[in-house]
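As structure tokens, the structure follows; a few thoughts come after it.
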Amino acid sequence: MTTGGTTGVSAAELRRRVREIEALQARTRELAAGNVLATREAAVRAALAKEESDVAAREAVAAALRLFGNDAELVAELLGVPAEELEREAKPVTAARAKEVIESLRARAERPRPRRSRTARPAETPSPAPVATAGPAVAESDDGRADAA
């Protein structure tokens, strides 16, 4: 009885269907491999970003402790973090690196704030005021057009 079901389908049709299935399986394997590669690359990028943020956090703790005279209790109270954790995080950071971080913070503090550039924008807002005065002039010109019509 099984031969009766396949007698309606030619050998060429069966070969075509088998090739389609094999091609689909090959595409599926390619997609799976690509997915694995992309996921692994994303995991590597995330691990690198995490490591960079961990280093930055340790350096920030070391700089904060140094700025507050190594008063771990005070910094811990300000940040809401246990003092032992702060000290443990700051320990691997060298004093020279902590000084570099502090110097970069000071340089950033000395730079003008972006808010100052925003104050220039309100200075630009008077330019719409002349547009408002031009509005009635446009209306007058419209009146002139109405007269000409």
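Ordered as shown in the structure tokens, chains take letters A, B, and onward, while each chain numbers its residues from 1 and ligands are numbered from 1 in the order shown.
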
Considering only C-alpha atoms, return as a list in words whatever protein or nucleic-acid residues lie within 12 Å of Arg88 in chain A, sequence-local ones (same chain, fewer than 2 positions apart) excluded.
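The residues that qualify are Ala57, Arg58, Glu59, Val61, Ala62, Leu65, Ala72, Val81, Pro82, Ala83, Glu84, Glu85, Leu86, Ala90, Lys91, Pro92 and Val93 of chain A.
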
Report, in Å with one decimal, the straight-line distance from CA of Asp54 in chain A to CA of Arg113 in chain A.
26.9 Å

Å distance separating CA of Glu73 in chain A from CA of Ala60 in chain A, one decimal place:
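So the two atoms, CA of Glu73 in chain A and CA of Ala60 in chain A, lie 16.1 Å apart.
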
Which of range 1-122 of chain A fall in alpha helix (DSSP H), as a PyMOL selection string
chain A and resi 2-6+11-67+72-79+83-90+95-110+114-122
